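Participant: Compact mmCIF, C-alpha atoms, file my_file.txt:
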# COMPACT_ATOMS: atom_id res chain seq x y z
CA GLU A 1 34.38 -42.27 -18.71
CA VAL A 2 35.15 -42.97 -15.06
CA LEU A 3 35.60 -39.24 -14.43
CA LEU A 4 32.30 -38.45 -16.17
CA SER A 5 30.55 -41.10 -14.07
CA ILE A 6 32.00 -39.61 -10.87
CA LEU A 7 30.99 -36.06 -11.87
CA SER A 8 27.52 -37.24 -12.88
CA SER A 9 27.10 -39.00 -9.53
CA LEU A 10 28.21 -35.89 -7.65
CA ALA A 11 25.81 -33.71 -9.65
CA GLN A 12 22.96 -36.12 -8.95
CA ASP A 13 23.73 -36.11 -5.23
CA GLU A 14 23.79 -32.32 -5.30
CA SER A 15 20.38 -32.25 -7.02
CA ARG A 16 19.02 -34.67 -4.45
CA SER A 17 20.37 -32.55 -1.62
CA ILE A 18 18.85 -29.34 -3.04
CA SER A 19 15.51 -31.09 -3.62
CA GLU A 20 15.43 -32.52 -0.10
CA ASN A 21 16.28 -29.14 1.44
CA SER A 22 13.56 -27.43 -0.62
CA THR A 23 11.03 -30.12 0.29
CA TRP A 24 11.94 -29.81 3.96
CA GLY A 25 11.42 -26.06 3.86
CA ILE A 26 8.06 -26.34 2.07
CA ARG A 27 6.78 -28.98 4.51
CA ARG A 28 7.84 -26.89 7.52
CA ARG A 29 5.77 -24.02 6.11
CA PHE A 30 2.85 -26.41 5.63
CA GLU A 31 3.15 -27.54 9.25
CA GLN A 32 2.97 -23.91 10.32
CA GLY A 33 -0.16 -23.39 8.19
CA ARG A 34 1.53 -21.00 5.79
CA LEU A 35 0.05 -21.09 2.29
CA PHE A 36 2.17 -21.53 -0.80
CA ILE A 37 -0.29 -21.08 -3.69
CA ASN A 38 0.24 -20.05 -7.28
CA THR A 39 -2.64 -17.69 -8.12
CA THR A 40 -1.87 -17.60 -11.87
CA LYS A 41 -4.37 -20.41 -12.51
CA PHE A 42 -6.46 -19.82 -9.39
CA LEU A 43 -9.70 -18.07 -10.34
CA GLY A 44 -10.94 -15.54 -7.79
CA TYR A 45 -7.76 -14.65 -5.94
CA ASP A 46 -4.64 -12.49 -6.29
CA LYS A 47 -1.71 -11.93 -3.93
CA ASP A 48 -0.90 -8.72 -2.09
CA LYS A 49 2.64 -7.35 -1.66
CA ASN A 50 3.14 -9.63 1.35
CA GLY A 51 2.12 -12.75 -0.56
CA ASN A 52 -1.26 -13.11 1.17
CA LEU A 53 -4.35 -14.17 -0.78
CA VAL A 54 -6.80 -11.37 -1.53
CA ILE A 55 -10.11 -11.64 -3.37
CA ASN A 56 -10.25 -10.57 -7.01
CA GLU A 57 -13.84 -9.32 -7.00
CA LYS A 58 -14.26 -9.46 -10.78
CA GLN A 59 -13.31 -13.14 -10.84
CA ALA A 60 -15.08 -13.88 -7.55
CA LYS A 61 -18.41 -13.01 -9.20
CA ILE A 62 -17.79 -15.84 -11.69
CA VAL A 63 -17.05 -18.29 -8.86
CA ARG A 64 -20.24 -17.30 -7.01
CA ARG A 65 -22.21 -17.69 -10.24
CA ILE A 66 -20.86 -21.23 -10.72
CA TYR A 67 -21.82 -22.30 -7.19
CA LYS A 68 -25.29 -20.77 -7.39
CA GLU A 69 -26.07 -22.24 -10.81
CA PHE A 70 -25.02 -25.69 -9.64
CA LEU A 71 -27.42 -25.49 -6.70
CA ASP A 72 -30.06 -24.17 -9.10
CA GLY A 73 -29.93 -27.53 -10.85
CA LYS A 74 -27.40 -27.01 -13.64
CA GLY A 75 -24.73 -29.61 -14.30
CA ALA A 76 -21.04 -28.81 -14.67
CA ASN A 77 -21.20 -29.29 -18.44
CA ARG A 78 -24.15 -26.93 -18.87
CA ILE A 79 -22.50 -24.31 -16.62
CA ALA A 80 -19.38 -24.47 -18.82
CA ARG A 81 -21.46 -24.05 -22.00
CA ASP A 82 -23.43 -21.12 -20.54
CA LEU A 83 -20.23 -19.34 -19.46
CA GLU A 84 -18.85 -19.69 -22.98
CA LYS A 85 -22.14 -18.50 -24.44
CA ASP A 86 -22.01 -15.38 -22.25
CA ARG A 87 -18.34 -14.84 -23.19
CA VAL A 88 -17.22 -15.02 -19.56
CA PRO A 89 -13.39 -15.14 -19.34
CA ASN A 90 -11.61 -17.86 -17.36
CA TRP A 91 -8.39 -17.45 -15.36
CA HIS A 92 -6.29 -16.73 -18.46
CA GLY A 93 -8.81 -14.33 -19.98
CA LYS A 94 -10.30 -16.63 -22.62
CA ALA A 95 -13.99 -17.58 -22.82
CA LYS A 96 -13.20 -21.30 -22.84
CA TRP A 97 -14.50 -23.56 -20.08
CA TYR A 98 -14.36 -27.30 -19.40
CA GLU A 99 -16.56 -29.59 -17.31
CA ASN A 100 -13.61 -30.80 -15.21
CA SER A 101 -12.56 -27.22 -14.50
CA ILE A 102 -16.04 -26.44 -13.19
CA ARG A 103 -15.96 -29.52 -10.97
CA GLY A 104 -12.54 -28.49 -9.68
CA ILE A 105 -13.91 -25.09 -8.67
CA LEU A 106 -16.95 -26.67 -7.00
CA THR A 107 -14.83 -29.00 -4.86
CA ASN A 108 -11.98 -26.63 -3.96
CA GLU A 109 -12.06 -25.93 -0.23
CA LYS A 110 -10.04 -22.73 -0.71
CA TYR A 111 -13.18 -20.95 -1.91
CA LYS A 112 -14.65 -21.25 1.61
CA GLY A 113 -11.48 -19.81 3.16
CA ASP A 114 -9.78 -23.07 4.15
CA ALA A 115 -6.75 -24.78 2.62
CA LEU A 116 -5.72 -28.42 2.32
CA LEU A 117 -1.95 -28.33 1.92
CA GLN A 118 0.21 -30.84 0.03
CA LYS A 119 -2.45 -32.31 -2.25
CA THR A 120 0.36 -33.42 -4.57
CA TYR A 121 3.99 -34.38 -4.00
CA THR A 122 7.16 -34.77 -6.06
CA VAL A 123 7.80 -38.41 -6.93
CA ASP A 124 11.18 -38.00 -8.64
CA PHE A 125 13.58 -35.16 -7.86
CA LEU A 126 15.24 -35.51 -11.24
CA ASN A 127 12.29 -35.19 -13.61
CA LYS A 128 10.16 -33.26 -11.05
CA LYS A 129 7.19 -35.56 -11.70
CA ARG A 130 4.28 -34.88 -9.34
CA GLU A 131 1.41 -37.14 -8.37
CA GLU A 132 -1.71 -36.89 -6.25
CA ASN A 133 -1.02 -37.40 -2.56
CA THR A 134 -3.16 -40.30 -1.39
CA GLY A 135 -1.36 -40.81 1.91
CA GLN A 136 2.26 -41.06 0.82
CA VAL A 137 3.18 -37.84 2.68
CA PRO A 138 1.36 -35.86 5.41
CA GLN A 139 -1.36 -33.36 4.53
CA TYR A 140 -2.33 -30.30 6.56
CA TYR A 141 -5.75 -28.68 6.75
CA VAL A 142 -5.82 -24.98 7.67
CA GLU A 143 -9.14 -23.36 8.57
CA ASP A 144 -9.84 -19.66 7.91
CA SER A 145 -6.47 -19.28 6.24
CA HIS A 146 -7.64 -16.51 3.89
CA PRO A 147 -10.78 -14.53 2.90
CA ALA A 148 -13.65 -16.73 1.67
CA ILE A 149 -15.53 -16.20 -1.59
CA ILE A 150 -18.20 -18.81 -0.82
CA ASP A 151 -19.75 -19.08 2.64
CA GLN A 152 -19.35 -22.34 4.55
CA GLU A 153 -23.02 -23.38 4.25
CA MET A 154 -23.20 -22.93 0.49
CA TRP A 155 -19.93 -24.82 -0.02
CA GLU A 156 -21.16 -27.73 2.12
CA ALA A 157 -24.52 -27.72 0.31
CA VAL A 158 -22.72 -28.06 -3.04
CA GLN A 159 -20.73 -31.07 -1.77
CA LEU A 160 -23.94 -32.76 -0.56
CA GLU A 161 -25.67 -32.02 -3.87
CA MET A 162 -22.77 -33.55 -5.79
CA GLU A 163 -23.00 -36.63 -3.58
CA ARG A 164 -26.79 -36.80 -4.10
CA ARG A 165 -26.38 -36.71 -7.88
CA ARG A 166 -23.70 -39.42 -7.77
CA ASN A 167 -25.90 -41.65 -5.60
CA PHE A 168 -28.89 -41.04 -7.87
CA ALA A 169 -26.89 -42.11 -10.93
CA LEU A 170 -25.60 -45.23 -9.15
CA GLU A 171 -29.07 -46.19 -7.89
CA TYR A 172 -30.63 -46.10 -11.35
CA GLY A 173 -27.63 -47.26 -13.39
CA ILE A 174 -27.14 -43.94 -15.18
CA GLN A 175 -23.73 -43.82 -16.80
CA LYS A 176 -23.35 -40.05 -16.97
CA LEU A 177 -23.98 -37.55 -14.20
CA GLU A 178 -26.29 -34.65 -15.00
CA TYR A 179 -27.57 -36.42 -18.10
CA ALA A 180 -30.43 -33.99 -18.70
CA THR A 181 -29.99 -31.12 -21.16
CA THR A 182 -31.98 -28.04 -22.13
CA ASP A 183 -33.23 -29.90 -25.22
CA ASN A 184 -34.04 -33.02 -23.22
CA PRO A 185 -34.68 -31.92 -19.61
CA PHE A 186 -36.17 -35.25 -18.49
CA ALA A 187 -33.25 -37.45 -19.61
CA GLY A 188 -32.18 -39.70 -16.74
CA ARG A 189 -35.02 -38.43 -14.55
CA VAL A 190 -37.98 -40.60 -15.61
CA ILE A 191 -38.10 -43.80 -13.54
CA CYS A 192 -40.20 -46.92 -14.05
CA GLY A 193 -42.45 -47.62 -11.08
CA SER A 194 -42.64 -51.31 -12.01
CA CYS A 195 -38.99 -52.38 -12.35
CA GLY A 196 -37.05 -49.31 -11.19
CA GLN A 197 -35.15 -48.77 -14.42
CA VAL A 198 -34.82 -45.47 -16.27
CA PHE A 199 -37.14 -44.53 -19.13
CA GLY A 200 -35.52 -43.64 -22.45
CA ARG A 201 -36.82 -41.19 -25.03
CA LYS A 202 -37.81 -42.73 -28.37
CA VAL A 203 -38.92 -41.10 -31.62
CA TRP A 204 -41.71 -42.84 -33.49
CA ASN A 205 -41.29 -41.69 -37.08
CA SER A 206 -43.87 -41.70 -39.82
CA THR A 207 -44.06 -40.76 -43.47
CA ASP A 208 -46.57 -38.20 -42.29
CA ASP A 209 -44.74 -35.66 -40.08
CA ARG A 210 -47.98 -34.94 -38.31
CA LEU A 211 -47.95 -38.48 -36.90
CA ARG A 212 -44.35 -38.27 -35.66
CA ARG A 213 -44.30 -38.80 -31.88
CA ILE A 214 -41.77 -38.58 -29.08
CA VAL A 215 -42.47 -41.14 -26.39
CA TRP A 216 -40.77 -42.46 -23.26
CA ARG A 217 -40.41 -46.20 -22.64
CA CYS A 218 -38.80 -48.23 -19.86
CA ASN A 219 -35.28 -49.32 -20.85
CA GLY A 220 -35.99 -52.69 -19.26
CA LYS A 221 -38.97 -53.44 -21.47
CA TYR A 222 -37.10 -55.10 -24.35
CA VAL A 223 -33.65 -55.99 -23.04
CA VAL A 224 -33.81 -59.23 -25.01
CA LYS A 225 -35.15 -58.78 -28.51
CA GLY A 226 -38.69 -60.14 -28.86
CA GLU A 227 -39.11 -60.67 -25.10
CA LYS A 228 -40.99 -58.23 -22.91
CA GLY A 229 -39.01 -57.65 -19.72
CA CYS A 230 -41.27 -55.03 -18.14
CA GLU A 231 -45.02 -54.56 -18.36
CA SER A 232 -44.96 -50.77 -17.99
CA ARG A 233 -46.60 -48.65 -20.66
CA HIS A 234 -44.97 -45.90 -22.69
CA ILE A 235 -45.95 -42.26 -22.20
CA ASP A 236 -45.98 -39.28 -24.53
CA ASP A 237 -43.29 -36.64 -24.14
CA GLY A 238 -45.85 -33.90 -23.63
CA VAL A 239 -47.22 -35.65 -20.52
CA LEU A 240 -44.00 -34.97 -18.63
CA TYR A 241 -44.05 -31.28 -19.42
CA GLN A 242 -47.70 -31.05 -18.41
CA ALA A 243 -46.98 -32.95 -15.19
CA PHE A 244 -44.47 -30.33 -14.09
CA ILE A 245 -46.89 -27.50 -14.86
CA SER A 246 -49.59 -29.28 -12.85
CA VAL A 247 -47.27 -29.86 -9.87
CA PHE A 248 -46.03 -26.28 -9.85
CA ASN A 249 -49.58 -24.95 -9.95
CA THR A 250 -50.49 -27.25 -7.06
CA LEU A 251 -47.67 -25.71 -5.03
CA VAL A 252 -48.90 -22.21 -5.89
CA GLU A 253 -52.51 -23.03 -4.98
CA ASN A 254 -51.44 -24.53 -1.63
CA ARG A 255 -48.67 -22.03 -1.04
CA GLU A 256 -49.19 -21.41 2.68
CA CYS A 257 -49.24 -25.13 3.52
CA PHE A 258 -45.96 -25.78 1.72
CA MET A 259 -44.38 -22.56 3.00
CA LYS A 260 -44.94 -23.69 6.58
CA LYS A 261 -43.26 -27.03 5.89
CA TRP A 262 -40.26 -25.34 4.26
CA ARG A 263 -39.91 -22.80 7.06
CA ASP A 264 -39.82 -25.65 9.58
CA ARG A 265 -37.02 -27.25 7.58
CA LEU A 266 -34.88 -24.13 7.83
CA ALA A 267 -33.86 -25.50 11.24
CA SER A 268 -32.69 -28.83 9.77
CA GLY A 269 -29.20 -30.07 10.59
CA ASN A 270 -28.66 -30.83 6.89
CA VAL A 271 -27.30 -27.77 5.06
CA LEU A 272 -28.64 -28.96 1.69
CA VAL A 273 -32.16 -29.34 3.13
CA ARG A 274 -31.91 -25.83 4.56
CA TYR A 275 -30.63 -24.41 1.28
CA LYS A 276 -33.32 -26.06 -0.87
CA SER A 277 -36.07 -25.09 1.59
CA LYS A 278 -34.93 -21.47 1.46
CA GLN A 279 -34.73 -21.68 -2.33
CA PHE A 280 -38.27 -23.09 -2.64
CA ILE A 281 -39.59 -20.36 -0.34
CA GLY A 282 -38.01 -17.78 -2.62
CA ILE A 283 -39.44 -19.40 -5.76
CA LEU A 284 -42.99 -19.70 -4.42
CA ALA A 285 -43.12 -16.43 -2.46
CA GLU A 286 -44.71 -14.45 -5.28
CA ALA A 287 -45.11 -17.11 -7.96
CA GLU A 288 -48.16 -17.27 -10.18
CA ARG A 289 -49.70 -20.22 -11.97
CA LEU A 290 -47.77 -21.53 -14.96
CA ASN A 291 -49.29 -21.84 -18.40
CA GLU A 292 -46.18 -23.23 -20.04
CA PHE A 293 -43.16 -25.31 -19.03
CA GLY A 294 -40.44 -23.48 -17.05
CA LEU A 295 -37.05 -24.99 -17.89
CA ASP A 296 -35.00 -23.36 -15.11
CA LEU A 297 -37.75 -24.02 -12.57
CA HIS A 298 -37.77 -27.68 -13.56
CA PHE A 299 -34.00 -28.08 -13.05
CA ALA A 300 -34.11 -26.23 -9.73
CA MET A 301 -37.07 -28.17 -8.32
CA VAL A 302 -37.45 -31.69 -9.75
CA GLU A 303 -35.43 -34.75 -8.80
CA LYS A 304 -37.35 -37.41 -10.77
CA VAL A 305 -40.68 -38.46 -12.25
CA THR A 306 -41.82 -42.01 -11.45
CA VAL A 307 -44.24 -43.64 -13.89
CA TYR A 308 -46.68 -46.19 -12.43
CA ASP A 309 -49.36 -48.35 -13.97
CA ALA A 310 -52.96 -47.18 -13.96
CA GLY A 311 -51.92 -43.95 -15.62
CA ARG A 312 -50.34 -42.06 -12.75
CA LEU A 313 -47.08 -40.17 -12.26
CA VAL A 314 -45.34 -39.18 -9.05
CA VAL A 315 -43.14 -36.08 -9.28
CA SER A 316 -40.42 -36.04 -6.60
CA LEU A 317 -39.11 -32.59 -5.72
CA LEU A 318 -35.58 -31.90 -4.54
CA GLU A 319 -36.74 -30.78 -1.08
CA GLY A 320 -38.46 -34.15 -0.47
CA THR A 321 -42.10 -33.52 -1.45
CA GLU A 322 -43.83 -36.06 -3.74
CA LEU A 323 -46.93 -35.06 -5.70
CA GLU A 324 -49.10 -37.36 -7.79
CA CYS A 325 -50.48 -36.54 -11.23
CA GLU A 326 -52.86 -38.39 -13.50
CA MET A 327 -51.74 -39.05 -17.10
CA GLU A 328 -54.24 -37.88 -19.67
Spell out the structure here as C-alpha cells.

Facilitator:
Amino acid sequence: EVLLSILSSLAQDESRSISENSTWGIRRRFEQGRLFINTTKFLGYDKDKNGNLVINEKQAKIVRRIYKEFLDGKGANRIARDLEKDRVPNWHGKAKWYENSIRGILTNEKYKGDALLQKTYTVDFLNKKREENTGQVPQYYVEDSHPAIIDQEMWEAVQLEMERRRNFALEYGIQKLEYATTDNPFAGRVICGSCGQVFGRKVWNSTDDRLRRIVWRCNGKYVVKGEKGCESRHIDDGVLYQAFISVFNTLVENRECFMKKWRDRLASGNVLVRYKSKQFIGILAEAERLNEFGLDLHFAMVEKVTVYDAGRLVVSLLEGTELECEME
C-alpha cells in the first residue's frame, strides 16, 4: 500500500508537470498572438495546411445571413427556427439550430477578424475541467488575426442592437428578450402611455364566433383582483396592424423629407444609427403605399407602440422617429 501510494504520488506529480508545461506553452503562444482554435465546431472557417484560419464560403453565407436577419429585426429564436425551416445545415451538417448557438455566433469577435484568447482555462489538471475565465488568468486580444466574415461596422451594430433590446426589456419589465413572434408581432412592444407598463393580448370569447375579439389591455390595469390600477382603455388587435400601415404610408408620402434626415444621420458616430438609417433609406427608396400589414417591415422598422388616452397611438421607429396615429 505504501508503494502504491508512492507510485500514485509520482504519477500525479508527473501529470501536474506535463499539464504545467503544456499550459506554459499555450500561454506563450497567446502572448505572441498566435491562434489555437479548433474549427470543428467553428462555423465559417477551416484551416489551411499551415494551420491558419481560412474562410469556408459556404458556411460564411450562413453567418452573414444570421447577422443580417438579426439587424432586420429577427430574434435569435426566430432565426434558429427559420434556418431549420429552410433546412440550413449547422457546423456538423444537421439542420438543427438553437437560440444560444445563434447568440454565440452574434457575439463572437472572431467573425470580424479579431480574437480574444484564453476565454476559458483549466481548473483541475487531473479531470481537465474547464471554466469561463473571468479574470483568473490573463486574456489577450488580437486584432486582424485572420480574415473577417463580418465587417467591423456590422459586428458593432449587432452588439449595440443586442444591448438596446436588453435595455428595452429591463425598462418595461419584459421577462423574455425578443418576445414578439410571427403570430403575435406586437407582443412586448405595446406600451401604456399612462403607467408605462406593457399591454398584454387578451381573447374575448363568445358563444358566437363572430363576436370573438382579440384586444390589448394594460397589464397594470387589474394587478389586484377587483381593483383598477390603471385608467387606460383597451384597444382592438386590428388597430395595431392598421397603425403600422398608416405610419408606413406616411413615410412613403413624405419620402424626401425623411430621406434627408436619414442621409444626415449617415455621418453619426453611432454605428447602429448609421446602419438603421441606411436600412431605412433602402426600404423607402422605391417603396409604394401598403394596403396590408408587412410582417418583415414591421420587425425591421418598429421599436414600440405607445397607447395614450384620447384615442391616440405613437409609433416609435428604430431609427428614432415617432409618428402619431388616431385610433378609429

Participant: I want to know what sits within 10 Å of Arg233 of chain A, based on all atoms listed in the file, with residues of the same chain fewer than 6 positions away left out; could you give that as a list in words?

Facilitator: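 Close residues of Arg233 of chain A: Cys192, Ser194, Trp216, Arg217, Cys218, Lys221, Val307, Tyr308, Asp309, Ala310 and Gly311 of chain A.
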
Participant: Mind running segment 147-192 of chain A against segment 267-279 of chain A at 10 Å and telling me each contacting residue's nearest atom pair with the distance in Å (one decimal), counting only C-alpha atoms, chain and number ascending, as JSON lines?

Facilitator:
{"residue": "A:Gln152", "atom": "CA", "partner": "A:Val271", "partner_atom": "CA", "distance": 9.6}
{"residue": "A:Glu153", "atom": "CA", "partner": "A:Val271", "partner_atom": "CA", "distance": 6.2}
{"residue": "A:Met154", "atom": "CA", "partner": "A:Tyr275", "partner_atom": "CA", "distance": 7.6}
{"residue": "A:Trp155", "atom": "CA", "partner": "A:Val271", "partner_atom": "CA", "distance": 9.4}
{"residue": "A:Glu156", "atom": "CA", "partner": "A:Val271", "partner_atom": "CA", "distance": 6.8}
{"residue": "A:Ala157", "atom": "CA", "partner": "A:Leu272", "partner_atom": "CA", "distance": 4.5}
{"residue": "A:Val158", "atom": "CA", "partner": "A:Leu272", "partner_atom": "CA", "distance": 7.6}
{"residue": "A:Gln159", "atom": "CA", "partner": "A:Leu272", "partner_atom": "CA", "distance": 8.9}
{"residue": "A:Leu160", "atom": "CA", "partner": "A:Leu272", "partner_atom": "CA", "distance": 6.4}
{"residue": "A:Glu161", "atom": "CA", "partner": "A:Leu272", "partner_atom": "CA", "distance": 7.0}
{"residue": "A:Arg164", "atom": "CA", "partner": "A:Leu272", "partner_atom": "CA", "distance": 9.9}

Participant: Write out as a VMD selection string the residues lying within 10 Å of Met162 of chain A, counting only C-alpha atoms and excluding same-chain residues fewer than 5 positions away.

Facilitator: chain A and resid 70 to 71 75 103 106 to 107 156 to 157 167 to 168 177 to 178

Participant: Would you write out those residues with C-alpha atoms, as a compact mmCIF listing (two decimals), in the coordinates of the input?

Facilitator:
# COMPACT_ATOMS: atom_id res chain seq x y z
CA PHE A 70 -25.02 -25.69 -9.64
CA LEU A 71 -27.42 -25.49 -6.70
CA GLY A 75 -24.73 -29.61 -14.30
CA ARG A 103 -15.96 -29.52 -10.97
CA LEU A 106 -16.95 -26.67 -7.00
CA THR A 107 -14.83 -29.00 -4.86
CA GLU A 156 -21.16 -27.73 2.12
CA ALA A 157 -24.52 -27.72 0.31
CA ASN A 167 -25.90 -41.65 -5.60
CA PHE A 168 -28.89 -41.04 -7.87
CA LEU A 177 -23.98 -37.55 -14.20
CA GLU A 178 -26.29 -34.65 -15.00

Participant: Give me, please, the distance in Å between atom CA of Asp82 of chain A and atom CA of Ala285 of chain A, quoted to one decimal.

Facilitator: 27.1 Å

Participant: How big is the axis-aligned box, and where does its centre sit, when it encloses all atoms of segment 187-205 of chain A listed in the file and has 5 Å added on every side, reported in Å to one decimal as AutoDock Vina command-line options?

Facilitator:
--center_x -37.4 --center_y -44.9 --center_z -24.1 --size_x 20.5 --size_y 24.9 --size_z 36.0

Participant: Tell me which of A:Val314, A:Ile283, A:Cys325, A:Met259 sits closest to Gln242 of chain A, counting all atoms listed in the file.

Facilitator: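 Nearest candidate to Gln242 of chain A out of A:Val314, A:Ile283, A:Cys325, A:Met259: A:Cys325.
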
Participant: At a cut-off of 7 Å, using only C-alpha atoms, what residues contact Val190 of chain A? Leave out same-chain residues fewer than 2 positions from it and give the result as a list in words.

Facilitator: Phe186, Ala187, Gly188, Cys192, Val198, Phe199, Lys304, Val305 and Thr306 of chain A
